[in-house]
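With PDB, C-alpha atoms inside, this is query_22.pdb:
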ATOM      1  CA  MET B   1       0.000   0.000   0.000
ATOM      2  CA  GLU B   2       2.848   2.389   0.791
ATOM      3  CA  PHE B   3       4.341   1.744  -2.657
ATOM      4  CA  PHE B   4       0.964   2.426  -4.275
ATOM      5  CA  HIS B   5       0.621   5.709  -2.390
ATOM      6  CA  LEU B   6       4.164   6.658  -3.379
ATOM      7  CA  VAL B   7       3.451   6.016  -7.044
ATOM      8  CA  THR B   8       0.184   7.961  -6.813
ATOM      9  CA  ALA B   9       1.962  10.890  -5.182
ATOM     10  CA  LEU B  10       4.654  10.917  -7.861
ATOM     11  CA  LEU B  11       2.104  10.813 -10.671
ATOM     12  CA  LYS B  12       0.272  13.778  -9.195
ATOM     13  CA  GLN B  13       3.332  15.882 -10.019
ATOM     14  CA  GLU B  14       2.870  17.197 -13.564
ATOM     15  CA  ALA B  15       6.521  16.785 -14.620
ATOM     16  CA  ASN B  16       6.633  13.157 -13.468
ATOM     17  CA  LEU B  17       3.311  12.416 -15.158
ATOM     18  CA  GLU B  18       4.594  13.794 -18.452
ATOM     19  CA  LEU B  19       7.741  11.675 -18.245
ATOM     20  CA  VAL B  20       5.758   8.530 -17.466
ATOM     21  CA  ARG B  21       3.358   9.239 -20.320
ATOM     22  CA  LEU B  22       6.266   9.843 -22.691
ATOM     23  CA  ALA B  23       7.809   6.490 -21.757
ATOM     24  CA  VAL B  24       4.500   4.648 -22.228
ATOM     25  CA  VAL B  25       3.817   6.377 -25.562
ATOM     26  CA  TYR B  26       7.321   5.426 -26.697
ATOM     27  CA  MET B  27       6.705   1.755 -25.870
ATOM     28  CA  HIS B  28       3.323   2.001 -27.597
ATOM     29  CA  LEU B  29       5.006   3.391 -30.710
ATOM     30  CA  ILE B  30       7.714   0.713 -30.703
ATOM     31  CA  ALA B  31       5.107  -2.064 -30.491
ATOM     32  CA  CYS B  32       3.223  -0.614 -33.447
ATOM     33  CA  CYS B  33       6.412  -0.079 -35.483
ATOM     34  CA  VAL B  34       7.566  -3.660 -34.917
ATOM     35  CA  ALA B  35       4.238  -5.044 -36.097
ATOM     36  CA  VAL B  36       3.971  -2.712 -39.100
ATOM     37  CA  GLY B  37       7.548  -3.423 -40.144
ATOM     38  CA  LEU B  38       7.001  -7.159 -39.905
ATOM     39  CA  VAL B  39       3.721  -6.962 -41.837
ATOM     40  CA  VAL B  40       5.339  -4.898 -44.594
ATOM     41  CA  THR B  41       8.350  -7.191 -45.046
ATOM     42  CA  SER B  42       6.194 -10.316 -44.841
ATOM     43  CA  ASP B  43       3.607  -9.063 -47.334
ATOM     44  CA  LEU B  44       6.245  -7.854 -49.788
ATOM     45  CA  ALA B  45       8.015 -11.207 -49.581
ATOM     46  CA  MET B  46       4.764 -13.052 -50.243
ATOM     47  CA  ALA B  47       3.940 -10.749 -53.179
ATOM     48  CA  ARG B  48       7.336 -11.415 -54.769
ATOM     49  CA  GLN B  49       6.927 -15.153 -54.311
ATOM     50  CA  LEU B  50       3.414 -15.083 -55.743
ATOM     51  CA  LEU B  51       4.680 -13.238 -58.817
ATOM     52  CA  ARG B  52       7.174 -16.078 -59.261
ATOM     53  CA  GLY B  53       4.332 -18.586 -58.996
ATOM     54  CA  ASP B  54       5.414 -20.271 -55.745
ATOM     55  CA  ASP B  55       4.909 -19.033 -52.194
ATOM     56  CA  SER B  56       5.837 -22.235 -50.379
ATOM     57  CA  ALA B  57       8.880 -20.635 -48.730
ATOM     58  CA  HIS B  58       6.616 -18.045 -47.124
ATOM     59  CA  CYS B  59       4.277 -20.706 -45.726
ATOM     60  CA  GLN B  60       6.844 -22.760 -43.821
ATOM     61  CA  SER B  61       5.763 -23.625 -40.290
ATOM     62  CA  SER B  62       8.809 -21.967 -38.698
ATOM     63  CA  HIS B  63       8.142 -18.681 -40.511
ATOM     64  CA  LEU B  64       4.432 -18.708 -39.693
ATOM     65  CA  GLU B  65       5.073 -19.460 -36.016
ATOM     66  CA  SER B  66       7.626 -16.651 -35.746
ATOM     67  CA  LEU B  67       5.267 -14.230 -37.492
ATOM     68  CA  GLN B  68       2.363 -15.193 -35.241
ATOM     69  CA  ARG B  69       4.399 -14.928 -32.047
ATOM     70  CA  THR B  70       5.818 -11.488 -32.859
ATOM     71  CA  ILE B  71       2.496 -10.044 -33.997
ATOM     72  CA  SER B  72       0.726 -11.443 -30.918
ATOM     73  CA  LEU B  73       3.287  -9.888 -28.567
ATOM     74  CA  SER B  74       3.050  -6.568 -30.407
ATOM     75  CA  LEU B  75      -0.736  -6.637 -30.128
ATOM     76  CA  LEU B  76      -0.554  -7.420 -26.417
ATOM     77  CA  ALA B  77       1.906  -4.567 -25.905
ATOM     78  CA  LEU B  78      -0.408  -2.283 -27.871
ATOM     79  CA  TRP B  79      -3.333  -3.117 -25.569
ATOM     80  CA  VAL B  80      -1.322  -2.710 -22.354
ATOM     81  CA  THR B  81       0.402   0.535 -23.291
ATOM     82  CA  GLY B  82      -2.746   1.930 -24.903
ATOM     83  CA  ALA B  83      -4.764   1.268 -21.753
ATOM     84  CA  ALA B  84      -2.022   2.911 -19.671
ATOM     85  CA  ILE B  85      -2.075   6.011 -21.887
ATOM     86  CA  ILE B  86      -5.852   6.277 -21.551
ATOM     87  CA  LEU B  87      -5.679   5.958 -17.769
ATOM     88  CA  LEU B  88      -2.906   8.551 -17.526
ATOM     89  CA  ASP B  89      -4.821  11.000 -19.705
ATOM     90  CA  MET B  90      -8.026  10.410 -17.763
ATOM     91  CA  SER B  91      -6.195  11.253 -14.535
ATOM     92  CA  VAL B  92      -5.686  14.743 -15.949
ATOM     93  CA  LYS B  93      -8.888  15.123 -17.957
ATOM     94  CA  ASP B  94     -12.378  14.014 -17.065
ATOM     95  CA  TRP B  95     -14.361  11.109 -18.508
ATOM     96  CA  THR B  96     -15.294  13.157 -21.593
ATOM     97  CA  TYR B  97     -11.832  12.247 -22.886
ATOM     98  CA  LEU B  98     -13.353   8.880 -23.822
ATOM     99  CA  LEU B  99     -15.744  10.633 -26.211
ATOM    100  CA  ASN B 100     -12.875  11.571 -28.535
ATOM    101  CA  PRO B 101     -13.790   9.934 -31.911
ATOM    102  CA  LYS B 102     -10.124   9.384 -32.771
ATOM    103  CA  LEU B 103      -9.600   7.467 -29.542
ATOM    104  CA  GLN B 104     -12.735   5.417 -30.212
ATOM    105  CA  ALA B 105     -11.510   4.654 -33.737
ATOM    106  CA  LYS B 106      -8.129   3.465 -32.416
ATOM    107  CA  VAL B 107      -9.766   1.183 -29.854
ATOM    108  CA  LEU B 108     -12.120  -0.166 -32.527
ATOM    109  CA  ILE B 109      -9.240  -0.913 -34.916
ATOM    110  CA  VAL B 110      -7.217  -2.696 -32.223
ATOM    111  CA  ALA B 111     -10.317  -4.697 -31.241
ATOM    112  CA  LEU B 112     -10.761  -5.739 -34.875
ATOM    113  CA  LEU B 113      -7.069  -6.641 -35.007
ATOM    114  CA  THR B 114      -7.542  -8.850 -31.963
ATOM    115  CA  VAL B 115     -10.556 -10.669 -33.422
ATOM    116  CA  ASN B 116      -8.793 -11.049 -36.758
ATOM    117  CA  GLY B 117      -5.685 -12.303 -34.958
ATOM    118  CA  MET B 118      -7.741 -15.041 -33.309
ATOM    119  CA  LEU B 119      -9.055 -16.047 -36.730
ATOM    120  CA  LEU B 120      -5.527 -16.155 -38.111
ATOM    121  CA  HIS B 121      -4.297 -18.163 -35.143
ATOM    122  CA  ARG B 122      -7.093 -20.742 -35.081
ATOM    123  CA  ALA B 123      -7.942 -21.209 -38.756
ATOM    124  CA  VAL B 124      -5.718 -19.471 -41.283
ATOM    125  CA  LEU B 125      -2.167 -20.186 -40.147
ATOM    126  CA  PRO B 126      -2.796 -23.891 -39.360
ATOM    127  CA  ALA B 127      -4.377 -24.311 -42.815
ATOM    128  CA  LEU B 128      -1.404 -22.623 -44.461
ATOM    129  CA  ALA B 129       1.036 -24.773 -42.527
ATOM    130  CA  ARG B 130      -0.772 -27.956 -43.580
ATOM    131  CA  ALA B 131      -1.092 -26.954 -47.232
ATOM    132  CA  GLY B 132       2.427 -25.592 -47.475
ATOM    133  CA  SER B 133       1.323 -22.941 -49.964
ATOM    134  CA  LEU B 134      -1.408 -20.363 -50.405
ATOM    135  CA  LEU B 135      -2.001 -21.690 -53.906
ATOM    136  CA  ALA B 136      -2.616 -25.199 -52.558
ATOM    137  CA  LEU B 137      -5.503 -24.133 -50.307
ATOM    138  CA  GLN B 138      -9.107 -24.875 -51.157
ATOM    139  CA  PRO B 139     -10.807 -21.840 -52.802
ATOM    140  CA  ALA B 140     -12.970 -20.996 -49.777
ATOM    141  CA  VAL B 141     -10.054 -21.289 -47.345
ATOM    142  CA  ARG B 142      -7.820 -19.314 -49.695
ATOM    143  CA  SER B 143     -10.398 -16.501 -49.866
ATOM    144  CA  LEU B 144     -10.628 -16.447 -46.061
ATOM    145  CA  THR B 145      -6.836 -16.361 -45.824
ATOM    146  CA  LEU B 146      -6.570 -13.458 -48.253
ATOM    147  CA  PHE B 147      -9.305 -11.547 -46.458
ATOM    148  CA  ALA B 148      -7.824 -12.077 -42.983
ATOM    149  CA  GLY B 149      -4.358 -11.133 -44.224
ATOM    150  CA  THR B 150      -5.714  -7.992 -45.841
ATOM    151  CA  VAL B 151      -7.602  -6.986 -42.687
ATOM    152  CA  SER B 152      -4.429  -7.480 -40.662
ATOM    153  CA  ALA B 153      -2.252  -5.347 -42.943
ATOM    154  CA  VAL B 154      -4.807  -2.555 -43.387
ATOM    155  CA  SER B 155      -5.637  -2.476 -39.667
ATOM    156  CA  TRP B 156      -2.021  -2.120 -38.543
ATOM    157  CA  PHE B 157      -1.416   0.732 -40.986
ATOM    158  CA  TYR B 158      -4.722   2.382 -40.061
ATOM    159  CA  ALA B 159      -3.912   2.127 -36.354
ATOM    160  CA  ALA B 160      -0.501   3.708 -36.996
ATOM    161  CA  LEU B 161      -2.134   6.539 -38.965
ATOM    162  CA  LEU B 162      -4.619   7.242 -36.178
ATOM    163  CA  GLY B 163      -1.822   7.074 -33.641
ATOM    164  CA  VAL B 164       0.174   9.870 -35.265
ATOM    165  CA  GLY B 165      -2.856  11.817 -36.490
ATOM    166  CA  ARG B 166      -3.244  14.217 -33.570
ATOM    167  CA  PRO B 167      -4.848  16.893 -35.819
ATOM    168  CA  LEU B 168      -7.703  14.449 -36.413
ATOM    169  CA  ALA B 169      -8.814  14.561 -32.779
ATOM    170  CA  TRP B 170     -12.286  16.029 -32.237
ATOM    171  CA  LYS B 171     -12.457  17.298 -35.846
ATOM    172  CA  TYR B 172     -14.166  14.285 -37.404
ATOM    173  CA  SER B 173     -16.824  11.840 -36.279
ATOM    174  CA  LEU B 174     -16.125   8.150 -35.751
ATOM    175  CA  ALA B 175     -17.933   7.325 -39.004
ATOM    176  CA  GLU B 176     -15.806   9.830 -40.926
ATOM    177  CA  LEU B 177     -12.571   8.529 -39.431
ATOM    178  CA  MET B 178     -13.502   4.942 -40.305
ATOM    179  CA  ALA B 179     -14.862   5.706 -43.792
ATOM    180  CA  ALA B 180     -11.649   4.780 -45.634
ATOM    181  CA  TYR B 181     -11.099   1.576 -43.638
ATOM    182  CA  PRO B 182     -13.498  -0.769 -45.501
ATOM    183  CA  LEU B 183     -12.486   0.779 -48.826
ATOM    184  CA  LEU B 184      -8.834  -0.018 -48.164
ATOM    185  CA  ILE B 185      -9.731  -3.576 -47.192
ATOM    186  CA  ILE B 186     -11.708  -4.056 -50.413
ATOM    187  CA  ALA B 187      -8.853  -2.607 -52.491
ATOM    188  CA  GLY B 188      -6.232  -4.691 -50.702
ATOM    189  CA  TYR B 189      -8.289  -7.854 -51.041
ATOM    190  CA  GLY B 190      -8.711  -7.194 -54.756
ATOM    191  CA  VAL B 191      -4.959  -6.756 -55.222
ATOM    192  CA  MET B 192      -4.260 -10.010 -53.371
ATOM    193  CA  ARG B 193      -6.839 -11.880 -55.474
ATOM    194  CA  LEU B 194      -5.137 -10.555 -58.595
ATOM    195  CA  LEU B 195      -1.706 -11.642 -57.366
ATOM    196  CA  VAL B 196      -2.990 -15.129 -56.585
ATOM    197  CA  ALA B 197      -4.647 -15.386 -60.005
ATOM    198  CA  LEU B 198      -1.376 -14.394 -61.701
ATOM    199  CA  ALA B 199       0.563 -16.837 -59.535
ATOM    200  CA  ARG B 200      -1.813 -19.713 -60.340
ATOM    201  CA  LYS B 201      -1.628 -18.905 -64.063
ATOM    202  CA  ARG B 202       2.153 -18.836 -63.963
ATOM    203  CA  SER B 203       2.261 -22.050 -61.949
ATOM    204  CA  ARG B 204       0.017 -23.849 -64.463
ATOM    205  CA  THR B 205       2.118 -22.543 -67.356
ATOM    206  CA  GLU B 206       5.295 -23.863 -65.760
ATOM    207  CA  VAL B 207       3.696 -27.265 -65.167
ATOM    208  CA  ILE B 208       2.564 -27.488 -68.802
ATOM    209  CA  THR B 209       5.980 -26.376 -70.049
ATOM    210  CA  THR B 210       7.872 -28.924 -67.980
ATOM    211  CA  SER B 211       5.470 -31.703 -68.982
ATOM    212  CA  LEU B 212       5.957 -31.159 -72.720
ATOM    213  CA  PRO B 213       8.235 -33.734 -74.363
ATOM    214  CA  ASP B 214      11.669 -32.648 -75.467
ATOM    215  CA  ARG B 215      11.629 -32.555 -79.274
ATOM    216  CA  GLN B 216      15.400 -32.368 -79.688
TER
END

Go ahead and render the structure in this file as structure tokens.
Amino acid sequence: MEFFHLVTALLKQEANLELVRLAVVYMHLIACCVAVGLVVTSDLAMARQLLRGDDSAHCQSSHLESLQRTISLSLLALWVTGAAIILLDMSVKDWTYLLNPKLQAKVLIVALLTVNGMLLHRAVLPALARAGSLLALQPAVRSLTLFAGTVSAVSWFYAALLGVGRPLAWKYSLAELMAAYPLLIIAGYGVMRLLVALARKRSRTEVITTSLPDRQ
């Protein structure tokens, strides 16, 4: 109890509160940057492999497990640090702080990331590991995989945008802030469908070419 009172007393000092908030915001930013960086490199690697007609290297169990573990830890850190920031800000402001549409949009995006992460963990990644390739999945499972992957990528980038978009606070409604979100998901899903179609076409062409008899 004495430690709790000491911490409370320290946080009541404005300078100490600002330093604590700065440290928490920094950790929050690092967690988001790690996840975004990993998503970018992973998605670019998959796109390159799809253009070559084979993404099996991207779907290895070791790679998928490492990707899942890092993203999960980043998401957990995002929740913990985000909740700490909200509590620190509420200690200075009143409960109307929670009515900020930008804050609501950030919480909504992270909640969607969490639900989507559960879907990836329980259905998508195990299916990819078993199939060994996105192209080898059944059409329905492949569509689900593309959709979940698109939601993940768009959500992380959207969360990062809202995180740095301080000028957006209180200027737009929640609906206005979220308006571009579904459009980006639709566009991203369409691009991924196109990449898969090109990869399947190239894969079939290579199979036909290698199966033709040598006429020399």

Could you give me, as JSON lines, every range 74-162 of chain B residue with an atom at most 8 Å from range 27-30 of chain B, plus its closest atom pair and distance in Å to one decimal, counting only C-alpha atoms, rows ordered by chain then number?
{"residue": "B:Ala77", "atom": "CA", "partner": "B:His28", "partner_atom": "CA", "distance": 6.9}
{"residue": "B:Leu78", "atom": "CA", "partner": "B:His28", "partner_atom": "CA", "distance": 5.7}
{"residue": "B:Thr81", "atom": "CA", "partner": "B:His28", "partner_atom": "CA", "distance": 5.4}
{"residue": "B:Gly82", "atom": "CA", "partner": "B:His28", "partner_atom": "CA", "distance": 6.6}

Pairwise distance for CA of Asp94 in chain B and CA of Glu176 in chain B, rounded to one decimal in Å: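 Distance reported for this atom pair: 24.5 Å.
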
Selected residue of minimal separation from Gln104 in chain B among B:Leu22, B:Leu120, B:Leu38, B:Leu177, counting only C-alpha atoms: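 Comparing B:Leu22, B:Leu120, B:Leu38, B:Leu177 against Gln104 in chain B, the winner is B:Leu177.
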
Kindly provide, as AutoDock Vina command-line options, the centre and edge lengths (Å, one decimal) of an axis-aligned box around all atoms of range 143-149 of chain B given in the file, with 3 Å on each side.
--center_x -7.5 --center_y -13.8 --center_z -46.4 --size_x 12.3 --size_y 11.4 --size_z 12.9

Selection result of the PyMOL selection byres ((chain B and resi 147) around 10) on this file, as a VMD selection string: chain B and resid 116 141 to 146 148 to 152 185 to 186 188 to 190 192 to 193

Spatial neighbours of Ser173 in chain B, max dist 9 Å, all atoms listed in the file, sep filter under 3 positions, as a ChimeraX atom specification: /B:100-102,170,176-178

For CA of Gly132 in chain B and CA of Ala35 in chain B, the interatomic separation in Å (one decimal):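 Computed distance, CA of Gly132 in chain B to CA of Ala35 in chain B, equals 23.6 Å.
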
CA of Val115 in chain B to CA of Arg69 in chain B, distance in Å rounded to a single decimal: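 CA of Arg69 in chain B lies at a distance of 15.6 Å from CA of Val115 in chain B.
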
Counting all atoms listed in the file, the residue of B:Ala83, B:Ala105, B:Ala47, B:Ala129 that sits nearest Ala199 in chain B: B:Ala47

Counting all atoms listed in the file, the residue of B:Val154, B:Leu108, B:Arg200, B:Met46 that sits nearest Ala187 in chain B: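 Checking each candidate against Ala187 in chain B, we get B:Val154 as the closest.
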
Among listed residues B:Leu194, B:Leu99, B:Ser42, B:Val92, nearest Ser66 in chain B (using all atoms listed in the file):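 Between B:Leu194, B:Leu99, B:Ser42, B:Val92, the residue approaching Ser66 in chain B most closely is B:Ser42.
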
Given all atoms listed in the file as the counted atoms, nearest of B:Gln68, B:Ser61, B:Ser74, B:Ser155 to Leu128 in chain B: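 Selected residue with least distance to Leu128 in chain B: B:Ser61.
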
Kindly add N, CA, C and O atoms to the incomplete range 97-116 of chain B and provide the output as a short mmCIF file (atom, residue, chain, number, x, y, z; two decimals), in the frame of the given file.
data_model
loop_
_atom_site.label_atom_id
_atom_site.label_comp_id
_atom_site.auth_asym_id
_atom_site.auth_seq_id
_atom_site.Cartn_x
_atom_site.Cartn_y
_atom_site.Cartn_z
N TYR B 97 -12.97 12.63 -22.04
CA TYR B 97 -11.83 12.25 -22.89
C TYR B 97 -12.16 11.00 -23.70
O TYR B 97 -11.70 10.84 -24.84
N LEU B 98 -13.00 10.13 -23.13
CA LEU B 98 -13.35 8.88 -23.82
C LEU B 98 -14.29 9.12 -25.01
O LEU B 98 -14.49 8.21 -25.82
N LEU B 99 -14.84 10.32 -25.11
CA LEU B 99 -15.74 10.63 -26.21
C LEU B 99 -15.00 11.09 -27.47
O LEU B 99 -15.63 11.37 -28.48
N ASN B 100 -13.69 11.18 -27.38
CA ASN B 100 -12.88 11.57 -28.54
C ASN B 100 -13.04 10.54 -29.66
O ASN B 100 -12.67 9.38 -29.49
N PRO B 101 -13.58 10.91 -30.82
CA PRO B 101 -13.79 9.93 -31.91
C PRO B 101 -12.51 9.26 -32.37
O PRO B 101 -12.53 8.08 -32.74
N LYS B 102 -11.39 9.99 -32.36
CA LYS B 102 -10.12 9.38 -32.77
C LYS B 102 -9.71 8.27 -31.82
O LYS B 102 -9.23 7.22 -32.24
N LEU B 103 -9.90 8.50 -30.53
CA LEU B 103 -9.60 7.47 -29.54
C LEU B 103 -10.51 6.26 -29.75
O LEU B 103 -10.05 5.10 -29.71
N GLN B 104 -11.79 6.51 -29.97
CA GLN B 104 -12.74 5.42 -30.21
C GLN B 104 -12.36 4.63 -31.46
O GLN B 104 -12.46 3.40 -31.49
N ALA B 105 -11.92 5.33 -32.51
CA ALA B 105 -11.51 4.65 -33.74
C ALA B 105 -10.29 3.77 -33.50
O ALA B 105 -10.22 2.64 -34.00
N LYS B 106 -9.33 4.26 -32.72
CA LYS B 106 -8.13 3.46 -32.42
C LYS B 106 -8.49 2.20 -31.65
O LYS B 106 -8.00 1.11 -31.96
N VAL B 107 -9.35 2.35 -30.64
CA VAL B 107 -9.77 1.18 -29.85
C VAL B 107 -10.52 0.19 -30.74
O VAL B 107 -10.32 -1.03 -30.65
N LEU B 108 -11.37 0.70 -31.62
CA LEU B 108 -12.12 -0.17 -32.53
C LEU B 108 -11.19 -0.93 -33.46
O LEU B 108 -11.36 -2.14 -33.67
N ILE B 109 -10.19 -0.26 -34.01
CA ILE B 109 -9.24 -0.91 -34.92
C ILE B 109 -8.45 -2.00 -34.19
O ILE B 109 -8.27 -3.11 -34.70
N VAL B 110 -7.99 -1.70 -32.98
CA VAL B 110 -7.22 -2.70 -32.22
C VAL B 110 -8.11 -3.88 -31.84
O VAL B 110 -7.66 -5.03 -31.82
N ALA B 111 -9.38 -3.61 -31.54
CA ALA B 111 -10.32 -4.70 -31.24
C ALA B 111 -10.51 -5.59 -32.47
O ALA B 111 -10.52 -6.83 -32.36
N LEU B 112 -10.64 -4.96 -33.64
CA LEU B 112 -10.76 -5.74 -34.88
C LEU B 112 -9.48 -6.52 -35.15
O LEU B 112 -9.54 -7.67 -35.63
N LEU B 113 -8.35 -5.92 -34.86
CA LEU B 113 -7.07 -6.64 -35.01
C LEU B 113 -7.02 -7.87 -34.11
O LEU B 113 -6.51 -8.92 -34.51
N THR B 114 -7.54 -7.73 -32.91
CA THR B 114 -7.54 -8.85 -31.96
C THR B 114 -8.43 -9.99 -32.45
O THR B 114 -8.03 -11.15 -32.44
N VAL B 115 -9.64 -9.65 -32.90
CA VAL B 115 -10.56 -10.67 -33.42
C VAL B 115 -9.96 -11.33 -34.66
O VAL B 115 -9.99 -12.56 -34.81
N ASN B 116 -9.41 -10.51 -35.55
CA ASN B 116 -8.79 -11.05 -36.76
C ASN B 116 -7.58 -11.92 -36.42
O ASN B 116 -7.33 -12.93 -37.08
#
